[in-house]
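Listing of final-v5.cif; format and content: mmCIF, N, CA and C atoms.
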```cif
data_start
#
loop_
_atom_site.label_atom_id
_atom_site.label_comp_id
_atom_site.auth_asym_id
_atom_site.auth_seq_id
_atom_site.Cartn_x
_atom_site.Cartn_y
_atom_site.Cartn_z
N MET A 1 232.59 34.68 255.88
CA MET A 1 231.74 35.84 255.60
C MET A 1 232.37 36.62 254.45
N PRO A 2 231.71 36.70 253.33
CA PRO A 2 232.33 37.31 252.14
C PRO A 2 232.34 38.83 252.15
N TYR A 3 231.46 39.47 252.93
CA TYR A 3 231.36 40.92 252.93
C TYR A 3 231.27 41.46 254.35
N PHE A 4 231.86 42.60 254.57
CA PHE A 4 231.74 43.32 255.83
C PHE A 4 231.24 44.72 255.51
N THR A 5 230.40 45.25 256.37
CA THR A 5 229.84 46.58 256.13
C THR A 5 230.28 47.51 257.25
N ALA A 6 230.88 48.63 256.87
CA ALA A 6 231.34 49.62 257.84
C ALA A 6 230.15 50.26 258.55
N SER A 7 230.42 50.82 259.70
CA SER A 7 229.40 51.50 260.49
C SER A 7 228.84 52.70 259.74
N LYS A 8 227.52 52.74 259.61
CA LYS A 8 226.87 53.89 258.94
C LYS A 8 227.17 55.18 259.69
N GLU A 9 227.18 55.12 261.01
CA GLU A 9 227.44 56.31 261.82
C GLU A 9 228.87 56.82 261.57
N LEU A 10 229.83 55.91 261.53
CA LEU A 10 231.22 56.33 261.30
C LEU A 10 231.41 56.82 259.87
N LEU A 11 230.69 56.25 258.93
CA LEU A 11 230.75 56.77 257.55
C LEU A 11 230.23 58.20 257.50
N GLU A 12 229.16 58.48 258.23
CA GLU A 12 228.60 59.84 258.26
C GLU A 12 229.59 60.82 258.90
N LEU A 13 230.23 60.39 259.98
CA LEU A 13 231.23 61.25 260.62
C LEU A 13 232.42 61.48 259.68
N THR A 14 232.76 60.48 258.91
CA THR A 14 233.84 60.63 257.93
C THR A 14 233.47 61.64 256.87
N LYS A 15 232.23 61.58 256.39
CA LYS A 15 231.76 62.57 255.41
C LYS A 15 231.84 63.99 255.98
N LYS A 16 231.44 64.15 257.24
CA LYS A 16 231.53 65.47 257.88
C LYS A 16 232.98 65.93 257.97
N ALA A 17 233.87 65.02 258.32
CA ALA A 17 235.29 65.37 258.43
C ALA A 17 235.85 65.81 257.08
N VAL A 18 235.44 65.14 256.01
CA VAL A 18 235.90 65.51 254.67
C VAL A 18 235.39 66.89 254.31
N GLU A 19 234.12 67.17 254.61
CA GLU A 19 233.54 68.47 254.30
C GLU A 19 234.23 69.60 255.06
N LYS A 20 234.64 69.35 256.29
CA LYS A 20 235.23 70.39 257.14
C LYS A 20 236.73 70.54 256.97
N GLY A 21 237.40 69.44 256.67
CA GLY A 21 238.85 69.44 256.73
C GLY A 21 239.53 69.84 255.44
N SER A 22 240.71 70.39 255.60
CA SER A 22 241.56 70.63 254.43
C SER A 22 242.59 69.50 254.40
N LEU A 23 242.55 68.74 253.34
CA LEU A 23 243.45 67.61 253.23
C LEU A 23 244.75 68.03 252.57
N VAL A 24 245.72 67.18 252.62
CA VAL A 24 247.02 67.44 252.00
C VAL A 24 246.82 67.59 250.49
N ALA A 25 247.49 68.54 249.88
CA ALA A 25 247.37 68.75 248.43
C ALA A 25 248.54 68.08 247.71
N MET A 26 248.34 67.80 246.46
CA MET A 26 249.41 67.28 245.62
C MET A 26 250.48 68.36 245.46
N PRO A 27 251.72 67.98 245.18
CA PRO A 27 252.76 68.99 244.97
C PRO A 27 252.40 69.98 243.86
N SER A 28 251.60 69.54 242.91
CA SER A 28 251.17 70.42 241.82
C SER A 28 250.11 71.42 242.26
N GLY A 29 249.58 71.21 243.47
CA GLY A 29 248.49 72.05 243.95
C GLY A 29 247.13 71.47 243.64
N LYS A 30 247.09 70.43 242.81
CA LYS A 30 245.84 69.78 242.45
C LYS A 30 245.23 69.14 243.69
N SER A 31 243.92 69.28 243.83
CA SER A 31 243.26 68.69 245.00
C SER A 31 243.24 67.17 244.88
N ILE A 32 243.12 66.55 246.00
CA ILE A 32 243.10 65.09 246.08
C ILE A 32 241.66 64.62 246.08
N HIS A 33 241.36 63.63 245.27
CA HIS A 33 240.01 63.06 245.21
C HIS A 33 239.77 62.23 246.47
N VAL A 34 238.69 62.51 247.15
CA VAL A 34 238.33 61.77 248.36
C VAL A 34 236.94 61.19 248.15
N LYS A 35 236.80 59.90 248.40
CA LYS A 35 235.52 59.22 248.28
C LYS A 35 235.21 58.54 249.61
N VAL A 36 234.03 58.77 250.12
CA VAL A 36 233.60 58.11 251.34
C VAL A 36 232.58 57.05 250.95
N GLY A 37 232.85 55.82 251.33
CA GLY A 37 231.98 54.70 250.97
C GLY A 37 232.54 54.00 249.74
N GLY A 38 231.96 52.90 249.40
CA GLY A 38 232.42 52.13 248.26
C GLY A 38 232.81 50.73 248.68
N ASN A 39 233.40 50.03 247.74
CA ASN A 39 233.78 48.64 247.98
C ASN A 39 235.28 48.48 247.95
N GLY A 40 235.77 47.68 248.87
CA GLY A 40 237.17 47.29 248.88
C GLY A 40 237.25 45.79 248.70
N ALA A 41 238.31 45.33 248.10
CA ALA A 41 238.54 43.90 247.94
C ALA A 41 239.87 43.57 248.58
N THR A 42 240.01 42.34 249.02
CA THR A 42 241.23 41.92 249.66
C THR A 42 241.68 40.58 249.09
N GLY A 43 242.93 40.30 249.26
CA GLY A 43 243.47 39.03 248.79
C GLY A 43 244.86 38.84 249.33
N SER A 44 245.46 37.76 248.95
CA SER A 44 246.78 37.42 249.48
C SER A 44 247.88 37.74 248.48
N VAL A 45 247.70 38.79 247.70
CA VAL A 45 248.71 39.15 246.71
C VAL A 45 249.07 40.62 246.85
N PHE A 46 250.30 40.95 246.47
CA PHE A 46 250.70 42.34 246.31
C PHE A 46 250.28 42.71 244.90
N LEU A 47 249.35 43.61 244.78
CA LEU A 47 248.73 43.89 243.49
C LEU A 47 249.50 44.96 242.72
N ASP A 48 250.18 44.54 241.67
CA ASP A 48 250.85 45.47 240.76
C ASP A 48 250.72 44.92 239.35
N ASN A 49 249.47 44.66 238.97
CA ASN A 49 249.17 44.08 237.68
C ASN A 49 247.89 44.73 237.17
N ALA A 50 247.99 45.49 236.10
CA ALA A 50 246.85 46.26 235.59
C ALA A 50 245.67 45.38 235.22
N GLU A 51 245.92 44.26 234.58
CA GLU A 51 244.79 43.40 234.16
C GLU A 51 244.09 42.79 235.36
N TYR A 52 244.85 42.38 236.36
CA TYR A 52 244.25 41.82 237.58
C TYR A 52 243.46 42.90 238.31
N ARG A 53 244.00 44.12 238.38
CA ARG A 53 243.29 45.24 239.00
C ARG A 53 241.97 45.49 238.29
N LYS A 54 241.98 45.48 236.98
CA LYS A 54 240.74 45.70 236.20
C LYS A 54 239.74 44.57 236.45
N TRP A 55 240.25 43.34 236.56
CA TRP A 55 239.38 42.20 236.82
C TRP A 55 238.71 42.34 238.19
N ILE A 56 239.46 42.75 239.21
CA ILE A 56 238.90 42.94 240.55
C ILE A 56 237.82 44.03 240.51
N ARG A 57 238.07 45.07 239.77
CA ARG A 57 237.08 46.15 239.64
C ARG A 57 235.81 45.64 238.96
N ARG A 58 236.00 44.87 237.89
CA ARG A 58 234.86 44.37 237.12
C ARG A 58 234.05 43.34 237.92
N VAL A 59 234.72 42.41 238.56
CA VAL A 59 234.03 41.30 239.24
C VAL A 59 233.44 41.73 240.59
N PHE A 60 234.20 42.50 241.35
CA PHE A 60 233.78 42.85 242.71
C PHE A 60 233.35 44.32 242.86
N ASN A 61 233.40 45.08 241.76
CA ASN A 61 233.10 46.51 241.80
C ASN A 61 233.95 47.20 242.87
N ALA A 62 235.21 46.78 242.96
CA ALA A 62 236.11 47.27 244.00
C ALA A 62 236.71 48.62 243.61
N ASP A 63 236.62 49.55 244.54
CA ASP A 63 237.23 50.87 244.37
C ASP A 63 238.69 50.84 244.79
N VAL A 64 239.02 49.90 245.67
CA VAL A 64 240.36 49.80 246.23
C VAL A 64 240.64 48.34 246.56
N SER A 65 241.92 48.01 246.59
CA SER A 65 242.32 46.65 246.96
C SER A 65 243.45 46.73 247.97
N GLY A 66 243.39 45.88 248.96
CA GLY A 66 244.44 45.86 249.99
C GLY A 66 244.38 44.56 250.75
N MET A 67 245.32 44.35 251.64
CA MET A 67 245.35 43.11 252.40
C MET A 67 245.00 43.32 253.88
N GLU A 68 245.19 44.50 254.41
CA GLU A 68 245.03 44.73 255.84
C GLU A 68 243.60 45.05 256.25
N SER A 69 242.87 45.77 255.42
CA SER A 69 241.55 46.27 255.79
C SER A 69 240.57 45.17 256.14
N ALA A 70 240.61 44.07 255.43
CA ALA A 70 239.67 42.98 255.70
C ALA A 70 239.91 42.37 257.08
N ALA A 71 241.16 42.32 257.51
CA ALA A 71 241.45 41.80 258.85
C ALA A 71 240.83 42.70 259.92
N VAL A 72 240.96 44.00 259.74
CA VAL A 72 240.35 44.96 260.67
C VAL A 72 238.84 44.76 260.67
N ALA A 73 238.24 44.72 259.49
CA ALA A 73 236.79 44.56 259.38
C ALA A 73 236.32 43.26 260.03
N GLN A 74 237.05 42.20 259.81
CA GLN A 74 236.65 40.90 260.35
C GLN A 74 236.69 40.89 261.88
N VAL A 75 237.76 41.41 262.45
CA VAL A 75 237.90 41.41 263.91
C VAL A 75 236.84 42.29 264.56
N TYR A 76 236.66 43.50 264.04
CA TYR A 76 235.68 44.39 264.63
C TYR A 76 234.26 43.86 264.44
N SER A 77 233.96 43.32 263.27
CA SER A 77 232.62 42.77 263.03
C SER A 77 232.34 41.59 263.94
N ALA A 78 233.32 40.71 264.10
CA ALA A 78 233.14 39.54 264.96
C ALA A 78 232.89 39.94 266.40
N ASN A 79 233.42 41.09 266.80
CA ASN A 79 233.27 41.57 268.17
C ASN A 79 232.19 42.64 268.32
N ASP A 80 231.40 42.82 267.25
CA ASP A 80 230.29 43.77 267.25
C ASP A 80 230.72 45.18 267.67
N VAL A 81 231.83 45.63 267.08
CA VAL A 81 232.36 46.97 267.33
C VAL A 81 232.26 47.77 266.04
N ASP A 82 231.77 49.00 266.14
CA ASP A 82 231.69 49.87 264.97
C ASP A 82 233.08 50.11 264.39
N TRP A 83 233.15 50.19 263.06
CA TRP A 83 234.44 50.42 262.41
C TRP A 83 234.25 51.11 261.07
N VAL A 84 235.32 51.73 260.63
CA VAL A 84 235.43 52.29 259.30
C VAL A 84 236.91 52.21 258.94
N VAL A 85 237.19 51.97 257.71
CA VAL A 85 238.59 51.90 257.24
C VAL A 85 238.87 53.13 256.40
N ILE A 86 239.99 53.77 256.68
CA ILE A 86 240.44 54.90 255.87
C ILE A 86 241.60 54.40 255.02
N CYS A 87 241.38 54.35 253.72
CA CYS A 87 242.43 53.94 252.78
C CYS A 87 242.93 55.17 252.05
N SER A 88 244.21 55.34 252.03
CA SER A 88 244.80 56.45 251.30
C SER A 88 245.74 55.83 250.27
N ILE A 89 245.45 56.03 249.02
CA ILE A 89 246.10 55.31 247.93
C ILE A 89 247.32 56.08 247.42
N SER A 90 248.45 55.37 247.34
CA SER A 90 249.68 56.00 246.86
C SER A 90 249.98 55.68 245.41
N ASP A 91 249.29 54.68 244.85
CA ASP A 91 249.54 54.34 243.45
C ASP A 91 248.36 53.56 242.88
N LEU A 92 248.30 53.51 241.57
CA LEU A 92 247.31 52.74 240.85
C LEU A 92 248.04 51.52 240.30
N ALA A 93 247.75 50.38 240.86
CA ALA A 93 248.49 49.15 240.55
C ALA A 93 248.78 49.01 239.07
N CYS A 94 250.00 49.19 238.73
CA CYS A 94 250.50 49.03 237.36
C CYS A 94 249.82 50.02 236.40
N GLY A 95 249.44 51.17 236.92
CA GLY A 95 248.80 52.17 236.10
C GLY A 95 249.79 53.18 235.53
N GLN A 96 251.07 52.92 235.71
CA GLN A 96 252.11 53.83 235.26
C GLN A 96 252.93 53.17 234.16
N GLN A 97 253.72 53.97 233.51
CA GLN A 97 254.68 53.44 232.54
C GLN A 97 255.96 53.08 233.28
N GLY A 98 256.48 51.89 233.07
CA GLY A 98 257.74 51.51 233.71
C GLY A 98 257.57 51.11 235.16
N LYS A 99 258.61 51.33 235.94
CA LYS A 99 258.67 50.92 237.34
C LYS A 99 257.63 51.66 238.18
N ASN A 100 257.03 50.93 239.13
CA ASN A 100 256.07 51.52 240.05
C ASN A 100 256.83 52.46 241.00
N VAL A 101 256.41 53.69 241.04
CA VAL A 101 257.09 54.69 241.88
C VAL A 101 256.16 55.18 242.98
N GLU A 102 255.50 54.25 243.67
CA GLU A 102 254.57 54.64 244.72
C GLU A 102 255.25 55.45 245.80
N ASN A 103 256.58 55.28 245.96
CA ASN A 103 257.29 56.03 246.99
C ASN A 103 257.21 57.54 246.76
N VAL A 104 256.94 57.96 245.53
CA VAL A 104 256.79 59.39 245.23
C VAL A 104 255.59 59.95 245.98
N PHE A 105 254.54 59.15 246.13
CA PHE A 105 253.29 59.63 246.73
C PHE A 105 253.03 59.08 248.12
N ASP A 106 253.95 58.29 248.66
CA ASP A 106 253.74 57.71 249.99
C ASP A 106 253.46 58.76 251.05
N GLY A 107 254.27 59.81 251.10
CA GLY A 107 254.10 60.85 252.11
C GLY A 107 252.78 61.58 251.97
N ILE A 108 252.40 61.85 250.73
CA ILE A 108 251.13 62.55 250.48
C ILE A 108 249.97 61.65 250.91
N ALA A 109 250.01 60.39 250.53
CA ALA A 109 248.95 59.45 250.90
C ALA A 109 248.87 59.28 252.41
N SER A 110 250.02 59.13 253.05
CA SER A 110 250.04 58.97 254.51
C SER A 110 249.50 60.21 255.21
N GLY A 111 249.94 61.38 254.74
CA GLY A 111 249.47 62.63 255.35
C GLY A 111 247.99 62.83 255.17
N THR A 112 247.47 62.50 254.00
CA THR A 112 246.04 62.64 253.74
C THR A 112 245.24 61.71 254.65
N GLY A 113 245.66 60.45 254.74
CA GLY A 113 244.97 59.50 255.60
C GLY A 113 245.01 59.91 257.06
N ALA A 114 246.16 60.40 257.51
CA ALA A 114 246.30 60.82 258.91
C ALA A 114 245.41 62.03 259.21
N LYS A 115 245.39 63.01 258.30
CA LYS A 115 244.55 64.20 258.52
C LYS A 115 243.07 63.81 258.54
N LEU A 116 242.69 62.89 257.67
CA LEU A 116 241.29 62.46 257.68
C LEU A 116 240.96 61.72 258.97
N LEU A 117 241.85 60.86 259.42
CA LEU A 117 241.63 60.15 260.69
C LEU A 117 241.45 61.15 261.83
N LEU A 118 242.31 62.15 261.90
CA LEU A 118 242.19 63.16 262.96
C LEU A 118 240.86 63.91 262.84
N GLY A 119 240.42 64.18 261.63
CA GLY A 119 239.13 64.82 261.42
C GLY A 119 237.98 63.97 261.90
N VAL A 120 238.06 62.67 261.65
CA VAL A 120 237.00 61.75 262.12
C VAL A 120 237.00 61.70 263.64
N LEU A 121 238.17 61.66 264.24
CA LEU A 121 238.25 61.66 265.70
C LEU A 121 237.67 62.96 266.28
N ASP A 122 237.95 64.09 265.64
CA ASP A 122 237.35 65.36 266.07
C ASP A 122 235.83 65.29 266.01
N GLU A 123 235.30 64.70 264.95
CA GLU A 123 233.84 64.56 264.82
C GLU A 123 233.28 63.66 265.91
N MET A 124 234.01 62.61 266.27
CA MET A 124 233.56 61.71 267.34
C MET A 124 233.53 62.45 268.67
N VAL A 125 234.56 63.25 268.94
CA VAL A 125 234.60 64.02 270.18
C VAL A 125 233.44 65.02 270.22
N ALA A 126 233.21 65.71 269.11
CA ALA A 126 232.11 66.68 269.04
C ALA A 126 230.76 66.00 269.29
N LEU A 127 230.58 64.82 268.72
CA LEU A 127 229.33 64.08 268.91
C LEU A 127 229.16 63.66 270.37
N ALA A 128 230.23 63.21 270.98
CA ALA A 128 230.17 62.76 272.37
C ALA A 128 229.88 63.94 273.32
N ALA A 129 230.30 65.14 272.93
CA ALA A 129 230.10 66.32 273.77
C ALA A 129 228.66 66.85 273.71
N GLN A 130 227.90 66.39 272.75
CA GLN A 130 226.51 66.88 272.61
C GLN A 130 225.62 66.35 273.69
#
```
Output the structure of this file as structure tokens.
Amino acid sequence: MPYFTASKELLELTKKAVEKGSLVAMPSGKSIHVKVGGNGATGSVFLDNAEYRKWIRRVFNADVSGMESAAVAQVYSANDVDWVVICSISDLACGQQGKNVENVFDGIASGTGAKLLLGVLDEMVALAAQ
């Protein structure tokens, strides 16, 4: 199966969580760009190559690339369970000068993803209480 589609209901709850929640800010105070929906691509490589990243974007219209999300999507889809993947990006594959310093943004990316997940769970609880 070449494509998996996230649950429309969970995407809507994610949008609500983004609208309501305050996410982690960059050390500079600059707000973090959050996008709900889009395309992800997966593969068996650790992606740190700008040309390959651009190729994936051009060919698959991928907003993000990773290796774990497709496994989650495949298992949940095969078992007919609603799912959504929250990706929090710490770096732009080879989008920097010199050595990749994703460790600089790991904590910010992790915190942002965790806060969004908690917001989605809050939305699920609120929906269930209705």
Using the chain letters and numbers from the file, which residues does the PyMOL selection byres (((chain A and resi 42 and name CA) around 7) and name CA) grab, as a ChimeraX atom specification? /A:40-41,43,65-67,70
Using only N, CA and C atoms, which protein or nucleic acid residues come within 6.5 Å of Val36 of chain A? Drop anything in the same chain fewer than 2 positions from it, and give the result as a VMD selection string. chain A and resid 15 34 38
Write out, as an mmCIF file, keeping the file's coordinate frame, the residues just selected, with N, CA and C atoms.
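See part29.cif below for the written result:
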```cif
data_model
loop_
_atom_site.group_PDB
_atom_site.id
_atom_site.type_symbol
_atom_site.label_atom_id
_atom_site.label_comp_id
_atom_site.auth_asym_id
_atom_site.auth_seq_id
_atom_site.Cartn_x
_atom_site.Cartn_y
_atom_site.Cartn_z
ATOM 1 N N LYS A 15 232.230 61.580 256.390
ATOM 2 C CA LYS A 15 231.760 62.570 255.410
ATOM 3 C C LYS A 15 231.840 63.990 255.980
ATOM 4 N N VAL A 34 238.690 62.510 247.150
ATOM 5 C CA VAL A 34 238.330 61.770 248.360
ATOM 6 C C VAL A 34 236.940 61.190 248.150
ATOM 7 N N GLY A 38 231.960 52.900 249.400
ATOM 8 C CA GLY A 38 232.420 52.130 248.260
ATOM 9 C C GLY A 38 232.810 50.730 248.680
#
```
Straight-line distance linking atom C of Ser31 of chain A with atom C of Asp122 of chain A, stated in Å to one decimal: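 Those two atoms sit 22.5 Å apart.
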Out of A:Ile108, A:Met26, A:Leu47, A:Leu118, which residue has the shortest atom-to-atom distance to Ser88 of chain A when counting only N, CA and C atoms? A:Ile108
In Å to one decimal, how far is atom N of Ser44 of chain A from atom C of Ile56 of chain A?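 So the two atoms, atom C of Ile56 of chain A and atom N of Ser44 of chain A, lie 13.0 Å apart.
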Pick out the residues sitting within 8 Å of Ala17 of chain A, and hand them over as an mmCIF file with N, CA and C atoms, keeping the file's coordinate frame; count all atoms listed in the file, and ignore anything fewer than 2 positions along from it in its own chain.
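Once everything was written out, this is result.cif:
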```
data_model
loop_
_atom_site.group_PDB
_atom_site.id
_atom_site.type_symbol
_atom_site.label_atom_id
_atom_site.label_comp_id
_atom_site.auth_asym_id
_atom_site.auth_seq_id
_atom_site.Cartn_x
_atom_site.Cartn_y
_atom_site.Cartn_z
ATOM 1 N N LEU A 11 230.690 56.250 258.930
ATOM 2 C CA LEU A 11 230.750 56.770 257.550
ATOM 3 C C LEU A 11 230.230 58.200 257.500
ATOM 4 N N GLU A 12 229.160 58.480 258.230
ATOM 5 C CA GLU A 12 228.600 59.840 258.260
ATOM 6 C C GLU A 12 229.590 60.820 258.900
ATOM 7 N N LEU A 13 230.230 60.390 259.980
ATOM 8 C CA LEU A 13 231.230 61.250 260.620
ATOM 9 C C LEU A 13 232.420 61.480 259.680
ATOM 10 N N THR A 14 232.760 60.480 258.910
ATOM 11 C CA THR A 14 233.840 60.630 257.930
ATOM 12 C C THR A 14 233.470 61.640 256.870
ATOM 13 N N LYS A 15 232.230 61.580 256.390
ATOM 14 C CA LYS A 15 231.760 62.570 255.410
ATOM 15 C C LYS A 15 231.840 63.990 255.980
ATOM 16 N N GLU A 19 234.120 67.170 254.610
ATOM 17 C CA GLU A 19 233.540 68.470 254.300
ATOM 18 C C GLU A 19 234.230 69.600 255.060
ATOM 19 N N LYS A 20 234.640 69.350 256.290
ATOM 20 C CA LYS A 20 235.230 70.390 257.140
ATOM 21 C C LYS A 20 236.730 70.540 256.970
ATOM 22 N N GLY A 21 237.400 69.440 256.670
ATOM 23 C CA GLY A 21 238.850 69.440 256.730
ATOM 24 C C GLY A 21 239.530 69.840 255.440
ATOM 25 N N SER A 22 240.710 70.390 255.600
ATOM 26 C CA SER A 22 241.560 70.630 254.430
ATOM 27 C C SER A 22 242.590 69.500 254.400
ATOM 28 N N LYS A 115 245.390 63.010 258.300
ATOM 29 C CA LYS A 115 244.550 64.200 258.520
ATOM 30 C C LYS A 115 243.070 63.810 258.540
ATOM 31 N N LEU A 116 242.690 62.890 257.670
ATOM 32 C CA LEU A 116 241.290 62.460 257.680
ATOM 33 C C LEU A 116 240.960 61.720 258.970
ATOM 34 N N LEU A 118 242.310 62.150 261.900
ATOM 35 C CA LEU A 118 242.190 63.160 262.960
ATOM 36 C C LEU A 118 240.860 63.910 262.840
ATOM 37 N N GLY A 119 240.420 64.180 261.630
ATOM 38 C CA GLY A 119 239.130 64.820 261.420
ATOM 39 C C GLY A 119 237.980 63.970 261.900
ATOM 40 N N VAL A 120 238.060 62.670 261.650
ATOM 41 C CA VAL A 120 237.000 61.750 262.120
ATOM 42 C C VAL A 120 237.000 61.700 263.640
ATOM 43 N N LEU A 121 238.170 61.660 264.240
ATOM 44 C CA LEU A 121 238.250 61.660 265.700
ATOM 45 C C LEU A 121 237.670 62.960 266.280
ATOM 46 N N ASP A 122 237.950 64.090 265.640
ATOM 47 C CA ASP A 122 237.350 65.360 266.070
ATOM 48 C C ASP A 122 235.830 65.290 266.010
ATOM 49 N N GLU A 123 235.300 64.700 264.950
ATOM 50 C CA GLU A 123 233.840 64.560 264.820
ATOM 51 C C GLU A 123 233.280 63.660 265.910
#
```
I'd like to know which of A:Ala114, A:Ala50, A:Met1, A:Ala109 is closest to Gln74 of chain A, using only C-alpha atoms. A:Met1
Residue by residue, what does the PyMOL selection byres ((chain A and resi 73) around 8) grab here? Present the result as a PyMOL selection string. chain A and resi 3-6+68-72+74-79+83-85
Based on the backbone DSSP call, show me all residues of segment 7-109 of chain A assigned strand (DSSP E), as a list in words.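 Going through segment 7-109 of chain A, the strand (DSSP E) residues come out as Gly40, Ala41, Thr42, Val64, Ser65 and Gly66 of chain A.
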What is the distance between atom N of Ser7 of chain A and atom N of Met124 of chain A, in Å to one decimal?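 That distance, rounded to one decimal, is 14.0 Å.
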Please identify the alpha helix (DSSP H) residues within chain A (assignment by DSSP from backbone atoms) and present them as JSON, numbers by chain. {"A": [8, 9, 10, 11, 12, 13, 14, 15, 16, 17, 18, 19, 20, 50, 51, 52, 53, 54, 55, 56, 57, 58, 59, 60, 69, 70, 71, 72, 73, 74, 75, 76, 77, 78, 106, 107, 108, 109, 110, 111, 112, 113, 114, 115, 116, 117, 118, 119, 120, 121, 122, 123, 124, 125, 126, 127, 128, 129]}
Point (247.6, 67.3, 251.3), cut-off 6 Å, counting only N, CA and C atoms, residues as an mmCIF file with N, CA and C atoms, in the coordinates of the input:
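Listing of result.cif after writing:
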```cif
data_model
loop_
_atom_site.group_PDB
_atom_site.id
_atom_site.type_symbol
_atom_site.label_atom_id
_atom_site.label_comp_id
_atom_site.auth_asym_id
_atom_site.auth_seq_id
_atom_site.Cartn_x
_atom_site.Cartn_y
_atom_site.Cartn_z
ATOM 1 N N LEU A 23 242.550 68.740 253.340
ATOM 2 C CA LEU A 23 243.450 67.610 253.230
ATOM 3 C C LEU A 23 244.750 68.030 252.570
ATOM 4 N N VAL A 24 245.720 67.180 252.620
ATOM 5 C CA VAL A 24 247.020 67.440 252.000
ATOM 6 C C VAL A 24 246.820 67.590 250.490
ATOM 7 N N ALA A 25 247.490 68.540 249.880
ATOM 8 C CA ALA A 25 247.370 68.750 248.430
ATOM 9 C C ALA A 25 248.540 68.080 247.710
ATOM 10 N N MET A 26 248.340 67.800 246.460
ATOM 11 C CA MET A 26 249.410 67.280 245.620
ATOM 12 C C MET A 26 250.480 68.360 245.460
ATOM 13 N N ILE A 108 252.400 61.850 250.730
ATOM 14 C CA ILE A 108 251.130 62.550 250.480
ATOM 15 C C ILE A 108 249.970 61.650 250.910
ATOM 16 N N GLY A 111 249.940 61.380 254.740
ATOM 17 C CA GLY A 111 249.470 62.630 255.350
ATOM 18 C C GLY A 111 247.990 62.830 255.170
ATOM 19 N N THR A 112 247.470 62.500 254.000
ATOM 20 C CA THR A 112 246.040 62.640 253.740
ATOM 21 C C THR A 112 245.240 61.710 254.650
#
```
